[in-house]
$ cat target_36.pdb   # PDB, C-alpha atoms and all ligand atoms
ATOM      1  CA  MET A  74     -10.933   0.039 -18.841
ATOM      2  CA  ASN A  75      -8.318  -1.278 -21.252
ATOM      3  CA  SER A  76      -5.341  -3.172 -19.885
ATOM      4  CA  ASP A  77      -2.762  -0.523 -20.796
ATOM      5  CA  LYS A  78      -4.642   2.054 -18.779
ATOM      6  CA  ALA A  79      -5.078  -0.373 -15.905
ATOM      7  CA  ARG A  80      -1.395  -1.257 -15.890
ATOM      8  CA  GLN A  81      -0.491   2.432 -15.949
ATOM      9  CA  LEU A  82      -2.718   3.174 -12.954
ATOM     10  CA  LEU A  83      -1.390   0.218 -11.019
ATOM     11  CA  LEU A  84       2.244   1.010 -11.702
ATOM     12  CA  ALA A  85       1.705   4.635 -10.665
ATOM     13  CA  LYS A  86       0.044   3.450  -7.466
ATOM     14  CA  GLN A  87       2.842   0.968  -6.832
ATOM     15  CA  GLN A  88       5.393   3.744  -7.231
ATOM     16  CA  GLN A  89       3.461   5.899  -4.763
ATOM     17  CA  VAL A  90       3.388   3.082  -2.206
ATOM     18  CA  LYS A  91       7.132   2.520  -2.565
ATOM     19  CA  GLU A  92       7.837   6.207  -2.024
ATOM     20  CA  GLN A  93       5.620   6.237   1.052
ATOM     21  CA  LEU A  94       7.455   3.205   2.417
ATOM     22  CA  LYS A  95      10.787   4.867   1.807
ATOM     23  CA  SER A  96       9.781   8.070   3.574
ATOM     24  CA  ILE A  97       8.326   6.183   6.544
ATOM     25  CA  GLU A  98      11.516   4.169   6.889
ATOM     26  CA  SER A  99      13.720   7.240   6.736
ATOM     27  CA  ASN A 100      11.592   9.024   9.351
ATOM     28  CA  ASP A 101      11.561   6.077  11.714
ATOM     29  CA  PRO A 102      14.097   6.467  14.517
ATOM     30  CA  VAL A 103      14.687   2.723  14.739
ATOM     31  CA  LEU A 104      14.712   1.896  11.037
ATOM     32  CA  SER A 105      16.794   4.913  10.150
ATOM     33  CA  PHE A 106      20.261   4.332  11.537
ATOM     34  CA  ALA A 107      21.452   7.954  11.298
ATOM     35  CA  ASP A 108      18.578   9.294  13.388
ATOM     36  CA  LEU A 109      19.046   6.561  15.934
ATOM     37  CA  ALA A 110      22.683   7.526  16.473
ATOM     38  CA  ASN A 111      21.707  11.167  17.011
ATOM     39  CA  GLU A 112      18.725  10.658  19.257
ATOM     40  CA  ALA A 113      19.979   7.804  21.386
ATOM     41  CA  GLN A 114      22.166  10.178  23.406
ATOM     42  CA  GLU A 115      19.233  11.954  24.976
ATOM     43  CA  SER A 116      17.296  10.463  27.829
ATOM     44  CA  GLY A 117      13.609   9.797  27.418
ATOM     45  CA  THR A 118      13.856   9.247  23.704
ATOM     46  CA  GLU A 119      13.460   5.505  23.964
ATOM     47  CA  VAL A 120       9.742   5.648  24.731
ATOM     48  CA  TRP A 121       9.229   8.166  21.964
ATOM     49  CA  GLN A 122      11.233   5.988  19.603
ATOM     50  CA  SER A 123       9.283   2.843  20.260
ATOM     51  CA  ASP A 124       6.026   4.736  19.898
ATOM     52  CA  VAL A 125       7.011   6.202  16.543
ATOM     53  CA  HIS A 126       8.519   2.887  15.531
ATOM     54  CA  PHE A 127       5.341   1.013  16.390
ATOM     55  CA  LYS A 128       3.256   3.402  14.307
ATOM     56  CA  SER A 129       5.696   3.053  11.422
ATOM     57  CA  LEU A 130       5.460  -0.719  11.569
ATOM     58  CA  VAL A 131       1.662  -0.596  11.386
ATOM     59  CA  LEU A 132       1.848   1.746   8.396
ATOM     60  CA  ILE A 133       4.541  -0.326   6.703
ATOM     61  CA  ASP A 134       2.410  -3.397   7.212
ATOM     62  CA  SER A 135      -0.627  -1.886   5.511
ATOM     63  CA  LEU A 136       1.489  -0.444   2.696
ATOM     64  CA  ASN A 137       3.093  -3.837   2.097
ATOM     65  CA  ASP A 138      -0.382  -5.308   1.999
ATOM     66  CA  LEU A 139      -1.454  -2.745  -0.554
ATOM     67  CA  SER A 140       1.708  -3.385  -2.534
ATOM     68  CA  SER A 141       0.978  -7.099  -2.801
ATOM     69  CA  GLN A 142      -2.620  -6.349  -3.805
ATOM     70  CA  ILE A 143      -1.257  -4.185  -6.600
ATOM     71  CA  ASP A 144       1.115  -6.960  -7.665
ATOM     72  CA  LYS A 145      -1.809  -9.338  -7.749
ATOM     73  CA  ALA A 146      -3.885  -6.866  -9.767
ATOM     74  CA  LEU A 147      -1.006  -6.525 -12.238
ATOM     75  CA  LEU A 148      -1.044 -10.302 -12.710
ATOM     76  CA  ASN A 149      -4.799 -10.100 -13.267
ATOM     77  CA  VAL A 150      -4.227  -7.478 -15.955
ATOM     78  CA  LYS A 151      -1.870  -9.945 -17.644
ATOM     79  CA  ASP A 152      -4.312 -12.846 -17.614
ATOM     80  CA  GLY A 153      -7.301 -10.639 -18.465
ATOM     81  CA  SER A 154      -9.206 -11.054 -15.210
ATOM     82  CA  TYR A 155      -8.515  -7.538 -13.974
ATOM     83  CA  GLY A 156     -11.515  -5.373 -13.090
ATOM     84  CA  LYS A 157     -13.825  -8.253 -12.200
ATOM     85  CA  CYS A 158     -15.194  -8.658  -8.708
ATOM     86  CA  GLU A 159     -13.665 -11.758  -7.085
ATOM     87  CA  LYS A 160     -16.903 -12.524  -5.323
ATOM     88  CA  CYS A 161     -19.795 -11.837  -7.687
ATOM     89  CA  HIS A 162     -17.765 -11.548 -10.935
ATOM     90  CA  VAL A 163     -19.408  -8.349 -12.154
ATOM     91  CA  SER A 164     -17.170  -5.774 -13.826
ATOM     92  CA  ILE A 165     -15.990  -3.269 -11.265
ATOM     93  CA  PRO A 166     -16.988   0.254 -12.409
ATOM     94  CA  LYS A 167     -14.156   2.198 -13.967
ATOM     95  CA  GLU A 168     -14.542   5.073 -11.477
ATOM     96  CA  ARG A 169     -13.864   2.666  -8.633
ATOM     97  CA  LEU A 170     -10.765   1.260 -10.323
ATOM     98  CA  VAL A 171      -9.436   4.742 -10.978
ATOM     99  CA  ALA A 172      -9.920   5.651  -7.314
ATOM    100  CA  LEU A 173      -8.684   2.287  -6.073
ATOM    101  CA  PRO A 174      -6.683   0.486  -8.776
ATOM    102  CA  SER A 175      -6.016  -2.535  -6.575
ATOM    103  CA  ALA A 176      -9.716  -3.146  -5.884
ATOM    104  CA  SER A 177     -10.574  -6.800  -6.341
ATOM    105  CA  PHE A 178     -14.199  -6.522  -5.221
ATOM    106  CA  CYS A 179     -17.059  -4.351  -6.427
ATOM    107  CA  ALA A 180     -18.252  -1.678  -3.974
ATOM    108  CA  LYS A 181     -21.179  -3.830  -2.889
ATOM    109  CA  CYS A 182     -19.087  -6.922  -2.079
ATOM    110  CA  ALA A 183     -16.382  -4.819  -0.437
ATOM    111  CA  GLN A 184     -19.062  -3.517   1.920
ATOM    112  CA  ASP A 185     -20.061  -7.020   2.933
ATOM    113  CA  PHE A 186     -16.690  -7.672   4.513
TER     114      PHE A 186
HETATM  115 ZN    ZN A 201     -19.041  -8.080  -6.249
END
$ encode --input "target_36.pdb" --output "structure tokens"
Amino acid sequence: MNSDKARQLLLAKQQQVKEQLKSIESNDPVLSFADLANEAQESGTEVWQSDVHFKSLVLIDSLNDLSSQIDKALLNVKDGSYGKCEKCHVSIPKERLVALPSASFCAKCAQDF
């Protein structure tokens, strides 16, 4: 895969992650101030809120993780090391990079974890 194509895929993925983060934050009763003001009046919403909030935090965590992997992959594109497995240094198949642009291991090494 050439580096322009790789950068394109990564930037598209990064955009997707940012949009997901935004929508999670706006749907979270704790993170979204407007919803909090509306819902806080009713009794019994606190448990519901912390449950939803907890799930949001887990999701946000994994999305932030993914986002930093994408950033790292973008740096790899710049220095020419993108698309190589970090463990065994083989070229990661293009199909895998298209499906998972932030992949830093080949399918075989990823399975070993
Ligand atoms: Zn490998």
$ closest_atom_pairs --input "target_36.pdb" --of "chain A" --to "ligand ZN 201 (chain A)" --cutoff "12 Å" --atoms "all atoms listed in the file" --output "JSON lines"
{"residue": "A:Gly156", "atom": "CA", "partner": "A:ZN201", "partner_atom": "ZN", "distance": 10.5}
{"residue": "A:Lys157", "atom": "CA", "partner": "A:ZN201", "partner_atom": "ZN", "distance": 7.9}
{"residue": "A:Cys158", "atom": "CA", "partner": "A:ZN201", "partner_atom": "ZN", "distance": 4.6}
{"residue": "A:Glu159", "atom": "CA", "partner": "A:ZN201", "partner_atom": "ZN", "distance": 6.6}
{"residue": "A:Lys160", "atom": "CA", "partner": "A:ZN201", "partner_atom": "ZN", "distance": 5.0}
{"residue": "A:Cys161", "atom": "CA", "partner": "A:ZN201", "partner_atom": "ZN", "distance": 4.1}
{"residue": "A:His162", "atom": "CA", "partner": "A:ZN201", "partner_atom": "ZN", "distance": 6.0}
{"residue": "A:Val163", "atom": "CA", "partner": "A:ZN201", "partner_atom": "ZN", "distance": 5.9}
{"residue": "A:Ser164", "atom": "CA", "partner": "A:ZN201", "partner_atom": "ZN", "distance": 8.1}
{"residue": "A:Ile165", "atom": "CA", "partner": "A:ZN201", "partner_atom": "ZN", "distance": 7.6}
{"residue": "A:Pro166", "atom": "CA", "partner": "A:ZN201", "partner_atom": "ZN", "distance": 10.6}
{"residue": "A:Ala176", "atom": "CA", "partner": "A:ZN201", "partner_atom": "ZN", "distance": 10.6}
{"residue": "A:Ser177", "atom": "CA", "partner": "A:ZN201", "partner_atom": "ZN", "distance": 8.6}
{"residue": "A:Phe178", "atom": "CA", "partner": "A:ZN201", "partner_atom": "ZN", "distance": 5.2}
{"residue": "A:Cys179", "atom": "CA", "partner": "A:ZN201", "partner_atom": "ZN", "distance": 4.2}
{"residue": "A:Ala180", "atom": "CA", "partner": "A:ZN201", "partner_atom": "ZN", "distance": 6.8}
{"residue": "A:Lys181", "atom": "CA", "partner": "A:ZN201", "partner_atom": "ZN", "distance": 5.8}
{"residue": "A:Cys182", "atom": "CA", "partner": "A:ZN201", "partner_atom": "ZN", "distance": 4.3}
{"residue": "A:Ala183", "atom": "CA", "partner": "A:ZN201", "partner_atom": "ZN", "distance": 7.2}
{"residue": "A:Gln184", "atom": "CA", "partner": "A:ZN201", "partner_atom": "ZN", "distance": 9.4}
{"residue": "A:Asp185", "atom": "CA", "partner": "A:ZN201", "partner_atom": "ZN", "distance": 9.3}
{"residue": "A:Phe186", "atom": "CA", "partner": "A:ZN201", "partner_atom": "ZN", "distance": 11.0}
$ axis_aligned_box --input "target_36.pdb" --around "segment 160-167 of chain A" --padding-each-side "4 Å" --output "lines of an AutoDock Vina configuration file"
center_x = -17.0
center_y = -5.2
center_z = -9.6
size_x = 13.6
size_y = 22.7
size_z = 16.6
$ closest_atom_pairs --input "target_36.pdb" --of "segment 104-170 of chain A" --to "segment 79-93 of chain A" --cutoff "12 Å" --atoms "only C-alpha atoms" --output "JSON lines"
{"residue": "A:Ser129", "atom": "CA", "partner": "A:Gln93", "partner_atom": "CA", "distance": 10.8}
{"residue": "A:Leu132", "atom": "CA", "partner": "A:Gln93", "partner_atom": "CA", "distance": 9.4}
{"residue": "A:Ile133", "atom": "CA", "partner": "A:Gln93", "partner_atom": "CA", "distance": 8.7}
{"residue": "A:Asp134", "atom": "CA", "partner": "A:Val90", "partner_atom": "CA", "distance": 11.5}
{"residue": "A:Ser135", "atom": "CA", "partner": "A:Val90", "partner_atom": "CA", "distance": 10.0}
{"residue": "A:Leu136", "atom": "CA", "partner": "A:Val90", "partner_atom": "CA", "distance": 6.3}
{"residue": "A:Asn137", "atom": "CA", "partner": "A:Val90", "partner_atom": "CA", "distance": 8.2}
{"residue": "A:Asp138", "atom": "CA", "partner": "A:Val90", "partner_atom": "CA", "distance": 10.1}
{"residue": "A:Leu139", "atom": "CA", "partner": "A:Val90", "partner_atom": "CA", "distance": 7.8}
{"residue": "A:Ser140", "atom": "CA", "partner": "A:Gln87", "partner_atom": "CA", "distance": 6.2}
{"residue": "A:Ser141", "atom": "CA", "partner": "A:Gln87", "partner_atom": "CA", "distance": 9.2}
{"residue": "A:Gln142", "atom": "CA", "partner": "A:Gln87", "partner_atom": "CA", "distance": 9.6}
{"residue": "A:Ile143", "atom": "CA", "partner": "A:Leu83", "partner_atom": "CA", "distance": 6.2}
{"residue": "A:Asp144", "atom": "CA", "partner": "A:Gln87", "partner_atom": "CA", "distance": 8.2}
{"residue": "A:Lys145", "atom": "CA", "partner": "A:Leu83", "partner_atom": "CA", "distance": 10.1}
{"residue": "A:Ala146", "atom": "CA", "partner": "A:Leu83", "partner_atom": "CA", "distance": 7.6}
{"residue": "A:Leu147", "atom": "CA", "partner": "A:Arg80", "partner_atom": "CA", "distance": 6.4}
{"residue": "A:Leu148", "atom": "CA", "partner": "A:Arg80", "partner_atom": "CA", "distance": 9.6}
{"residue": "A:Asn149", "atom": "CA", "partner": "A:Arg80", "partner_atom": "CA", "distance": 9.8}
{"residue": "A:Val150", "atom": "CA", "partner": "A:Arg80", "partner_atom": "CA", "distance": 6.8}
{"residue": "A:Lys151", "atom": "CA", "partner": "A:Arg80", "partner_atom": "CA", "distance": 8.9}
{"residue": "A:Gly153", "atom": "CA", "partner": "A:Ala79", "partner_atom": "CA", "distance": 10.8}
{"residue": "A:Ser154", "atom": "CA", "partner": "A:Ala79", "partner_atom": "CA", "distance": 11.5}
{"residue": "A:Tyr155", "atom": "CA", "partner": "A:Ala79", "partner_atom": "CA", "distance": 8.2}
{"residue": "A:Gly156", "atom": "CA", "partner": "A:Ala79", "partner_atom": "CA", "distance": 8.6}
{"residue": "A:Lys167", "atom": "CA", "partner": "A:Ala79", "partner_atom": "CA", "distance": 9.6}
{"residue": "A:Glu168", "atom": "CA", "partner": "A:Ala79", "partner_atom": "CA", "distance": 11.8}
{"residue": "A:Arg169", "atom": "CA", "partner": "A:Ala79", "partner_atom": "CA", "distance": 11.8}
{"residue": "A:Leu170", "atom": "CA", "partner": "A:Ala79", "partner_atom": "CA", "distance": 8.1}
$ atom_distance --input "target_36.pdb" --atom1 "atom CA of Ser96 of chain A" --atom2 "atom CA of Ala172 of chain A"
22.6 Å
$ closest_residue --input "target_36.pdb" --among "A:Leu173, A:Val103, A:Ile97, A:Met74" --to "Gln122 of chain A" --atoms "all atoms listed in the file"
A:Val103
$ atom_distance --input "target_36.pdb" --atom1 "atom CA of Phe127 of chain A" --atom2 "atom CA of Pro174 of chain A"
27.9 Å
$ atom_distance --input "target_36.pdb" --atom1 "atom CA of Leu104 of chain A" --atom2 "atom CA of Ser175 of chain A"
27.6 Å
